[in-house]
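A.B. asks: Let me give you the structure first, and then I'll get to my questions.
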Amino acid sequence: MSRVQNVVIGSVRTVLGWVPAQWLPGGSPDPLIDRRAAIGRQASRLDGPVKVTGQARFAAEVAMEGLSYATLVHSPVTRGRITRLDTSAAEAAAGVILVMTYRNMPRIGSVPLISMTDLTAVGNSSLPILQDAEIRYNGQVVALVVAETQEQADHAASLIAIDYAVDAGNTRFEAAKATARTPASILIEKNHVSIGNAERALGKAPHRTDNVYRTPGHNHNAIELHVVTVAWEDESLIVHDTTQMVAPSANALAKLFGLKKGQVRVLSPFVGGGFGGKGLWDHHVVAIAAARLVGRPLRLMLSREGVYRIIGGRTPSEQRVAISADAQGNFTAFVHSGYSVMPPYGACPEQYTLGSRALYSAKSYEILQQHVDLDIVPNTFMRAPGEAIGSFAVESAVDELAHAMGTDPIALRLRNTPDRHPISGAPFSQHALHQAYTDGAARFGWDQWQAEPGARSEGEWRIGMGCATGSFPYVRMPGASVRLTLRSDGSVTVSCSAQEMGMGTATVQAQHTADRLGLPLEAITVEMGDSALPAAPMAGGSAQTVSMAGAVVAASEKLLGELLRLAGNDSPLAGLRAGEVRLIDEGVAGIEEPARHESYRSILARAGRDSLSVTASGTPPLEMMKFAMHSSSAIFCELRVSAVTGEIRVDRLLGSFDCGTILNPKTAASQFRGGMIMGLGLALTEETLFDERSGRIMNASLADYHIPAHLDVPEIEVMWTGIPDPRSPLGARGIGEIGITGVAAAVANAVFNATGKRIRELPITLDKLL
């Protein structure tokens, strides 16, 4: 058995067993916790067989009669206007059905911007889409060609002749800082936080660090390209999309094209990776408009370069972090400020200070973000948006302070770990970072860490160890709605518009429903990814699984009431009320009198029903808002650096997580490792090379934008505390994004421990170490 298998199996003991009631104030709030069977089990993903056998249908694989194909033309200039537009050669090319430009694009309004609370608002940009001759960023869509085949569309697009009058673009980060904007809020949090006088405390403290850290832009590179297959049927619209916003996209498209809500149906049962980039973008709008003009189904799939041109990514940042400590190692000042890019027409701030607000206690704070305005495709959410790069800056600074003080960096972190949220003062609903660090350090062998940089070597290789903390909030989005359909054969279908992007959502919801209804796992079917199903918010913020879980709880309670009503006076359950029964053993039974039991099949048969359906929403209770709810990580890294070439080889990574109940250890371990691999890319290889002279991305391909390959990925171990959060359904919190937070800092800190060189700008490439 490998070390990875060992740690996964060994760390789920608290999950596979029943949850001790003493962990939950007043005992367990959910009787399911004491009798679950499927939750906590290492179940394989239910969608695995259909994917590996090729039966899963993705948006680019939908067959439609009379399907046409489209391609886009992008602007090569950043600012200006079209002065000549000749489409005649393209229109005359073989197979061409339509050439669409601003001249014949239907007149539409702006896409409503993303909102964390509004299911109808999902756009990333408020800029006009193919409505005029103005050019606002390099890569903007200036034309679309529709043809009988993809090859014909691609060829015809190359025949369009366009001249531009070029204006000076705003493309230089450093220059744009002079006119940076200071927003009042970052998402729903107040932007400027000032407690005490942090600058004065810095000057008085015996120990302090004060430095600037820089991170580059990053682009989305999901394995599945952005694609949409659309068809108009009279005044109704069908959209097969690769999206993580099914119901919100349907609502937004209905508004944009003047349709009623029920006239738009978005289907996305399978998504080949999202990470924040699979929202509503310009290609959706132009494809739908073109399909209406040609009167035929249409498919538009972006090229890999096209994704870079019109799909936003992570913004570059410049962050100042200053921390001071007294003689005992208690933080007296905590300063986190800086700049990131967010044009006024964008919707997604890079919230790099939000995660750091919950990390450490200090006597004074100064926290502020500023938005730099550049002429670019607007940035969007990217896995652990803000927290991923914010943790690099903060956790590098903590390591620098620990080194300057001559203390163990774990000890310094734990000394300043708060008991309550240090800014709001709200109590943590559950917070066991100390345990995550203690368990992780023991497993990783932190006792081998040497305080003196460069103390360990093997030949040309200098060996170092580093650690870092990560934090990501439990985002309490408006609850999903779920429909439970119980059939006369005892099977149940769970229906929700939510997305399955490869993280195992359907599997976990099947496990939960099986336990909730007292059924075997094989009796549960989950249907997702269709806006015609009960609506769910976007899959983001590590919130979808718990949001759906809350809806399943509400729906099961509603189902119980309906079953009691159907059971009637001839049932063993006669006279029992909802609070006196529970769903167990494939039926309903009395809590005090378990022998008073009737199966689902029996209840439905006597009522003459083939099925019974209920729909309910799981909106988070207001009580939850009184508590700070965060997932936490302790990341450990061991690596070696060549003294000859500067090459970095990461030998080991370990992530120790405190994320509440782990619902499925198998899919959770995959999520944690996937995030940590993305963190490796953040640390060592990934950067969008932006030409500030032209406003153009220079490395718009996987040949030039380097993501970690198999040989770049070391042994990765994951473990967790498994302690339930008493104020979340099933005791669970999000796990999708906490894996990436802290990884870049752990790598950078290990590089320093190996070489004595402090790298404050990502990625950590050879040139920075020579």
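Following the order of the structure tokens, first chain is A, next is B, and so on, with residues numbered from 1 inside each chain and ligands from 1 in the order they appear.
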Excluding A:Ser324 and its own-chain neighbours fewer than 2 positions away, which residues fall within 9 Å of it when counting only C-alpha atoms? Please give them as a list in words.
C.D. replies: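 Skipping anything fewer than 2 positions along the chain leaves Ala198, Ala201, Leu202, Gly203, Lys204, Ala205, Pro206, His207, Arg208, Thr209, Asp210, Ala322, Asp326, Gly329, Asn330, Phe331, Thr332, Ala333, Phe334, Ala362 and Leu401 of chain A.
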A.B. asks: Based on the selection just made, write all heavy atoms of those residues as a short mmCIF file (atom, residue, chain, number, x, y, z; two decimals), in the first residue's frame.
C.D. replies:
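Written output follows (again.cif):
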```
data_model
loop_
_atom_site.label_atom_id
_atom_site.label_comp_id
_atom_site.auth_asym_id
_atom_site.auth_seq_id
_atom_site.Cartn_x
_atom_site.Cartn_y
_atom_site.Cartn_z
N ALA A 198 -1.85 50.69 12.88
CA ALA A 198 -0.92 49.64 12.50
C ALA A 198 0.44 50.19 12.10
O ALA A 198 1.48 49.60 12.43
CB ALA A 198 -1.51 48.80 11.37
N ALA A 201 2.35 51.00 15.17
CA ALA A 201 2.75 49.77 15.86
C ALA A 201 3.93 49.11 15.17
O ALA A 201 4.81 48.54 15.82
CB ALA A 201 1.56 48.81 15.94
N LEU A 202 3.96 49.19 13.84
CA LEU A 202 5.10 48.63 13.10
C LEU A 202 6.40 49.29 13.51
O LEU A 202 7.44 48.62 13.69
CB LEU A 202 4.89 48.81 11.59
CG LEU A 202 3.95 47.85 10.87
CD1 LEU A 202 3.71 48.32 9.44
CD2 LEU A 202 4.54 46.45 10.85
N GLY A 203 6.36 50.61 13.65
CA GLY A 203 7.58 51.33 13.98
C GLY A 203 8.10 51.06 15.38
O GLY A 203 9.30 51.21 15.64
N LYS A 204 7.22 50.68 16.28
CA LYS A 204 7.62 50.48 17.67
C LYS A 204 8.02 49.05 17.99
O LYS A 204 8.66 48.80 19.02
CB LYS A 204 6.48 50.90 18.60
CG LYS A 204 6.18 52.39 18.62
CD LYS A 204 5.09 52.70 19.62
CE LYS A 204 4.85 54.19 19.74
NZ LYS A 204 3.77 54.48 20.74
N ALA A 205 7.62 48.10 17.15
CA ALA A 205 7.78 46.68 17.49
C ALA A 205 9.23 46.23 17.40
O ALA A 205 9.98 46.69 16.54
CB ALA A 205 6.91 45.84 16.57
N PRO A 206 9.66 45.31 18.26
CA PRO A 206 11.03 44.79 18.19
C PRO A 206 11.24 43.86 16.99
O PRO A 206 12.37 43.66 16.57
CB PRO A 206 11.18 44.04 19.52
CG PRO A 206 9.78 43.67 19.91
CD PRO A 206 8.92 44.79 19.43
N HIS A 207 10.16 43.30 16.47
CA HIS A 207 10.28 42.39 15.33
C HIS A 207 9.25 42.79 14.28
O HIS A 207 8.08 43.00 14.59
CB HIS A 207 10.02 40.94 15.75
CG HIS A 207 10.87 40.47 16.89
ND1 HIS A 207 12.23 40.24 16.77
CD2 HIS A 207 10.55 40.22 18.20
CE1 HIS A 207 12.71 39.84 17.94
NE2 HIS A 207 11.71 39.83 18.81
N ARG A 208 9.68 42.88 13.03
CA ARG A 208 8.73 43.24 11.98
C ARG A 208 9.28 42.83 10.61
O ARG A 208 10.49 42.65 10.43
CB ARG A 208 8.44 44.74 11.98
CG ARG A 208 9.64 45.63 11.76
CD ARG A 208 9.25 47.10 11.88
NE ARG A 208 10.43 47.97 11.84
CZ ARG A 208 11.13 48.32 12.89
NH1 ARG A 208 10.79 47.87 14.09
NH2 ARG A 208 12.18 49.11 12.77
N THR A 209 8.36 42.68 9.68
CA THR A 209 8.70 42.47 8.28
C THR A 209 7.77 43.32 7.45
O THR A 209 6.59 43.51 7.81
CB THR A 209 8.58 40.99 7.88
OG1 THR A 209 8.95 40.81 6.51
CG2 THR A 209 7.15 40.47 8.07
N ASP A 210 8.25 43.87 6.36
CA ASP A 210 7.45 44.79 5.53
C ASP A 210 7.96 44.68 4.10
O ASP A 210 9.03 45.20 3.77
CB ASP A 210 7.59 46.21 6.06
CG ASP A 210 6.65 47.20 5.39
OD1 ASP A 210 6.05 46.85 4.36
OD2 ASP A 210 6.50 48.34 5.90
N ALA A 322 2.83 43.73 5.84
CA ALA A 322 3.72 44.11 6.94
C ALA A 322 3.15 43.54 8.23
O ALA A 322 1.96 43.70 8.51
CB ALA A 322 3.85 45.62 7.03
N ASP A 326 5.63 41.48 19.19
CA ASP A 326 6.33 41.88 20.40
C ASP A 326 7.36 40.81 20.78
O ASP A 326 7.55 39.83 20.06
CB ASP A 326 5.34 42.14 21.54
CG ASP A 326 4.49 40.92 21.90
OD1 ASP A 326 4.91 39.78 21.59
OD2 ASP A 326 3.40 41.10 22.48
N GLY A 329 6.28 37.25 20.69
CA GLY A 329 5.82 36.69 19.42
C GLY A 329 4.37 36.96 19.11
O GLY A 329 3.82 36.39 18.16
N ASN A 330 3.71 37.84 19.86
CA ASN A 330 2.32 38.20 19.57
C ASN A 330 2.29 39.32 18.53
O ASN A 330 2.98 40.33 18.68
CB ASN A 330 1.62 38.67 20.85
CG ASN A 330 1.61 37.59 21.91
OD1 ASN A 330 1.19 36.48 21.67
ND2 ASN A 330 2.11 37.94 23.11
N PHE A 331 1.45 39.17 17.53
CA PHE A 331 1.38 40.17 16.46
C PHE A 331 0.80 41.47 17.01
O PHE A 331 -0.27 41.47 17.64
CB PHE A 331 0.51 39.68 15.31
CG PHE A 331 1.10 38.54 14.51
CD1 PHE A 331 0.34 37.85 13.57
CD2 PHE A 331 2.43 38.17 14.68
CE1 PHE A 331 0.89 36.81 12.83
CE2 PHE A 331 2.99 37.13 13.95
CZ PHE A 331 2.21 36.45 13.02
N THR A 332 1.51 42.55 16.74
CA THR A 332 1.03 43.87 17.17
C THR A 332 0.46 44.67 16.01
O THR A 332 -0.31 45.60 16.23
CB THR A 332 2.17 44.66 17.82
OG1 THR A 332 3.25 44.82 16.88
CG2 THR A 332 2.69 43.94 19.07
N ALA A 333 0.83 44.32 14.79
CA ALA A 333 0.30 45.02 13.61
C ALA A 333 0.21 44.04 12.45
O ALA A 333 1.06 43.15 12.28
CB ALA A 333 1.19 46.20 13.23
N PHE A 334 -0.85 44.22 11.67
CA PHE A 334 -1.05 43.39 10.48
C PHE A 334 -1.53 44.31 9.37
O PHE A 334 -2.62 44.90 9.46
CB PHE A 334 -2.09 42.30 10.76
CG PHE A 334 -2.29 41.32 9.63
CD1 PHE A 334 -1.63 40.11 9.62
CD2 PHE A 334 -3.14 41.62 8.58
CE1 PHE A 334 -1.81 39.20 8.58
CE2 PHE A 334 -3.33 40.74 7.54
CZ PHE A 334 -2.66 39.52 7.54
N ALA A 362 -4.23 40.17 15.90
CA ALA A 362 -3.24 41.24 16.01
C ALA A 362 -3.87 42.38 16.78
O ALA A 362 -5.10 42.51 16.87
CB ALA A 362 -2.77 41.70 14.63
N LEU A 401 9.02 36.71 9.02
CA LEU A 401 9.06 37.19 10.39
C LEU A 401 9.58 36.11 11.33
O LEU A 401 10.39 36.38 12.22
CB LEU A 401 7.66 37.63 10.82
CG LEU A 401 7.54 38.23 12.22
CD1 LEU A 401 8.41 39.48 12.38
CD2 LEU A 401 6.08 38.55 12.55
#
```
A.B. asks: Could you build a table of the residues in stretch 437-484 of chain A lying no more than 10 Å from stretch 637-641 of chain A, giving for each the nearest pair of atoms and their separation in Å rounded to one decimal place, using only C-alpha atoms, ordered by chain and ascending residue number, as a Markdown table?
C.D. replies:
```
| residue | atom | partner | partner_atom | distance |
| --- | --- | --- | --- | --- |
| A:Phe444 | CA | A:Cys637 | CA | 8.7 |
| A:Trp446 | CA | A:Glu638 | CA | 9.8 |
| A:Trp449 | CA | A:Glu638 | CA | 9.4 |
| A:Gly454 | CA | A:Val641 | CA | 9.9 |
| A:Arg456 | CA | A:Arg640 | CA | 9.5 |
| A:Ser457 | CA | A:Arg640 | CA | 8.3 |
| A:Glu458 | CA | A:Arg640 | CA | 8.9 |
| A:Glu460 | CA | A:Val641 | CA | 8.1 |
| A:Trp461 | CA | A:Val641 | CA | 5.4 |
| A:Arg462 | CA | A:Val641 | CA | 5.2 |
| A:Ile463 | CA | A:Arg640 | CA | 4.4 |
| A:Gly464 | CA | A:Leu639 | CA | 5.6 |
| A:Met465 | CA | A:Glu638 | CA | 4.5 |
| A:Gly466 | CA | A:Cys637 | CA | 5.3 |
| A:Cys467 | CA | A:Cys637 | CA | 6.2 |
| A:Ala468 | CA | A:Cys637 | CA | 8.9 |
```
A.B. asks: For A:Gln244, which residue among A:Pro349, A:Gly655, A:Gly66, A:Gly529 is the nearest when counting only C-alpha atoms?
C.D. replies: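 Going through A:Pro349, A:Gly655, A:Gly66, A:Gly529 one by one, the smallest distance to A:Gln244 is for A:Gly529.
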A.B. asks: So which residues of stretch 609-671 of chain A fall under strand (DSSP E) by DSSP, listed as number ranges by chain?
C.D. replies: A: 611-617, 630-642, 648-658
A.B. asks: Neighbouring residues of stretch 304-321 of chain A were defined as those with any atom within 6 Å, considering only C-alpha atoms; residues of the same chain fewer than 2 positions away were excluded. Please report them as a PyMOL selection string.
C.D. replies: chain A and resi 139+210-220+302+335-341+377-380+382+700-701
A.B. asks: Report the residues of stretch 72-279 of chain A whose backbone DSSP state falls under helix (DSSP H, G or I), written as a PyMOL selection string.
C.D. replies: chain A and resi 88-92+150-157+173-179+198-204+246-256+261-263
A.B. asks: Find the spatial neighbours of A:Ile376, counting only C-alpha atoms, within a cut-off of 8 Å - ignore same-chain residues fewer than 3 positions away - and output them as a VMD selection string.
C.D. replies: chain A and resid 78 136 to 138 171 343 695
A.B. asks: From the set A:Leu654, A:Pro422, A:Leu359, A:Pro621, which residue has the shortest atom-to-atom contact distance to A:Gly445, counting only C-alpha atoms?
C.D. replies: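 The closest residue to A:Gly445 is A:Leu654.
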A.B. asks: Would you mind listing what lies within 8 Å of A:Leu653 as a list in words, with only C-alpha atoms counted and same-chain residues fewer than 3 positions away left out?
C.D. replies: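 The residues satisfying every condition are Ile635, Phe636, Cys637, Glu638, Val650, Pro714, Glu715, Ile716 and Glu717 of chain A.
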A.B. asks: Generate a file of the selected residues that holds all heavy atoms, formatted as a PDB file, in the first residue's frame.
C.D. replies:
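Result went into selection19.pdb, see below:
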```pdb
ATOM      1  N   ILE A 635      -0.388  23.420   4.984  1.00  0.00           N
ATOM      2  CA  ILE A 635       0.300  22.839   3.828  1.00  0.00           C
ATOM      3  C   ILE A 635       1.788  22.691   4.142  1.00  0.00           C
ATOM      4  O   ILE A 635       2.425  23.621   4.655  1.00  0.00           O
ATOM      5  CB  ILE A 635       0.126  23.716   2.572  1.00  0.00           C
ATOM      6  CG1 ILE A 635      -1.360  23.983   2.306  1.00  0.00           C
ATOM      7  CG2 ILE A 635       0.788  23.059   1.374  1.00  0.00           C
ATOM      8  CD1 ILE A 635      -2.167  22.759   1.967  1.00  0.00           C
ATOM      9  N   PHE A 636       2.338  21.531   3.812  1.00  0.00           N
ATOM     10  CA  PHE A 636       3.758  21.242   4.045  1.00  0.00           C
ATOM     11  C   PHE A 636       4.412  20.850   2.726  1.00  0.00           C
ATOM     12  O   PHE A 636       3.821  20.119   1.921  1.00  0.00           O
ATOM     13  CB  PHE A 636       3.910  20.096   5.048  1.00  0.00           C
ATOM     14  CG  PHE A 636       3.303  20.374   6.393  1.00  0.00           C
ATOM     15  CD1 PHE A 636       1.955  20.158   6.626  1.00  0.00           C
ATOM     16  CD2 PHE A 636       4.083  20.857   7.433  1.00  0.00           C
ATOM     17  CE1 PHE A 636       1.389  20.417   7.871  1.00  0.00           C
ATOM     18  CE2 PHE A 636       3.531  21.119   8.673  1.00  0.00           C
ATOM     19  CZ  PHE A 636       2.181  20.905   8.898  1.00  0.00           C
ATOM     20  N   CYS A 637       5.625  21.315   2.517  1.00  0.00           N
ATOM     21  CA  CYS A 637       6.350  21.041   1.274  1.00  0.00           C
ATOM     22  C   CYS A 637       7.813  20.714   1.582  1.00  0.00           C
ATOM     23  O   CYS A 637       8.442  21.357   2.435  1.00  0.00           O
ATOM     24  CB  CYS A 637       6.284  22.264   0.348  1.00  0.00           C
ATOM     25  SG  CYS A 637       7.286  22.131  -1.148  1.00  0.00           S
ATOM     26  N   GLU A 638       8.319  19.718   0.897  1.00  0.00           N
ATOM     27  CA  GLU A 638       9.756  19.445   0.886  1.00  0.00           C
ATOM     28  C   GLU A 638      10.207  19.418  -0.553  1.00  0.00           C
ATOM     29  O   GLU A 638       9.575  18.777  -1.400  1.00  0.00           O
ATOM     30  CB  GLU A 638      10.076  18.118   1.573  1.00  0.00           C
ATOM     31  CG  GLU A 638      11.592  17.844   1.641  1.00  0.00           C
ATOM     32  CD  GLU A 638      11.919  16.567   2.404  1.00  0.00           C
ATOM     33  OE1 GLU A 638      11.630  15.476   1.871  1.00  0.00           O
ATOM     34  OE2 GLU A 638      12.443  16.668   3.514  1.00  0.00           O
ATOM     35  N   VAL A 650      10.012  19.490  -6.525  1.00  0.00           N
ATOM     36  CA  VAL A 650       9.207  19.285  -5.324  1.00  0.00           C
ATOM     37  C   VAL A 650       9.118  17.785  -5.070  1.00  0.00           C
ATOM     38  O   VAL A 650       8.645  17.028  -5.907  1.00  0.00           O
ATOM     39  CB  VAL A 650       7.801  19.898  -5.481  1.00  0.00           C
ATOM     40  CG1 VAL A 650       6.963  19.637  -4.237  1.00  0.00           C
ATOM     41  CG2 VAL A 650       7.901  21.404  -5.738  1.00  0.00           C
ATOM     42  N   PRO A 714       4.574  15.791  -7.482  1.00  0.00           N
ATOM     43  CA  PRO A 714       5.214  14.837  -6.571  1.00  0.00           C
ATOM     44  C   PRO A 714       4.177  13.969  -5.872  1.00  0.00           C
ATOM     45  O   PRO A 714       2.970  14.050  -6.141  1.00  0.00           O
ATOM     46  CB  PRO A 714       5.894  15.754  -5.567  1.00  0.00           C
ATOM     47  CG  PRO A 714       4.928  16.894  -5.449  1.00  0.00           C
ATOM     48  CD  PRO A 714       4.369  17.094  -6.841  1.00  0.00           C
ATOM     49  N   GLU A 715       4.635  13.188  -4.937  1.00  0.00           N
ATOM     50  CA  GLU A 715       3.728  12.483  -4.049  1.00  0.00           C
ATOM     51  C   GLU A 715       2.949  13.515  -3.235  1.00  0.00           C
ATOM     52  O   GLU A 715       3.525  14.424  -2.642  1.00  0.00           O
ATOM     53  CB  GLU A 715       4.529  11.583  -3.115  1.00  0.00           C
ATOM     54  CG  GLU A 715       3.694  10.874  -2.069  1.00  0.00           C
ATOM     55  CD  GLU A 715       4.550  10.071  -1.104  1.00  0.00           C
ATOM     56  OE1 GLU A 715       5.771   9.973  -1.330  1.00  0.00           O
ATOM     57  OE2 GLU A 715       3.991   9.553  -0.130  1.00  0.00           O
ATOM     58  N   ILE A 716       1.635  13.392  -3.236  1.00  0.00           N
ATOM     59  CA  ILE A 716       0.779  14.326  -2.503  1.00  0.00           C
ATOM     60  C   ILE A 716      -0.048  13.542  -1.491  1.00  0.00           C
ATOM     61  O   ILE A 716      -0.805  12.648  -1.863  1.00  0.00           O
ATOM     62  CB  ILE A 716      -0.155  15.114  -3.445  1.00  0.00           C
ATOM     63  CG1 ILE A 716       0.662  15.969  -4.415  1.00  0.00           C
ATOM     64  CG2 ILE A 716      -1.106  16.000  -2.639  1.00  0.00           C
ATOM     65  CD1 ILE A 716      -0.182  16.736  -5.416  1.00  0.00           C
ATOM     66  N   GLU A 717       0.118  13.870  -0.233  1.00  0.00           N
ATOM     67  CA  GLU A 717      -0.659  13.229   0.815  1.00  0.00           C
ATOM     68  C   GLU A 717      -1.696  14.221   1.339  1.00  0.00           C
ATOM     69  O   GLU A 717      -1.427  15.414   1.452  1.00  0.00           O
ATOM     70  CB  GLU A 717       0.248  12.790   1.963  1.00  0.00           C
ATOM     71  CG  GLU A 717       1.346  11.821   1.530  1.00  0.00           C
ATOM     72  CD  GLU A 717       2.148  11.315   2.717  1.00  0.00           C
ATOM     73  OE1 GLU A 717       1.593  11.291   3.838  1.00  0.00           O
ATOM     74  OE2 GLU A 717       3.314  10.948   2.526  1.00  0.00           O
TER      75      GLU A 717
END
```
A.B. asks: Counting only C-alpha atoms, figure out which residue out of A:Gln671, A:Ser611, A:Thr507, A:Thr721 gets nearest to A:Ser44.
C.D. replies: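 Among the listed residues, the smallest separation from A:Ser44 belongs to A:Thr507.
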A.B. asks: Name the closest residue to A:Gly660 among the candidates A:Val294, A:Leu237, A:Met629, A:Ala567; distances are taken between atoms, counting only C-alpha atoms.
C.D. replies: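 Counting only C-alpha atoms, the residue closest to A:Gly660 is A:Met629.
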A.B. asks: Find the residues around A:Arg292 up to 12 Å (only C-alpha atoms counted), leave out those fewer than 2 positions away in its own chain, and share them as a count of residues only.
C.D. replies: 27
A.B. asks: Just the number, please: distance in Å from atom CA of A:Ile662 to atom CA of A:Ile423, one decimal.
C.D. replies: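 Atom-to-atom, atom CA of A:Ile662 to atom CA of A:Ile423, that is 28.0 Å.
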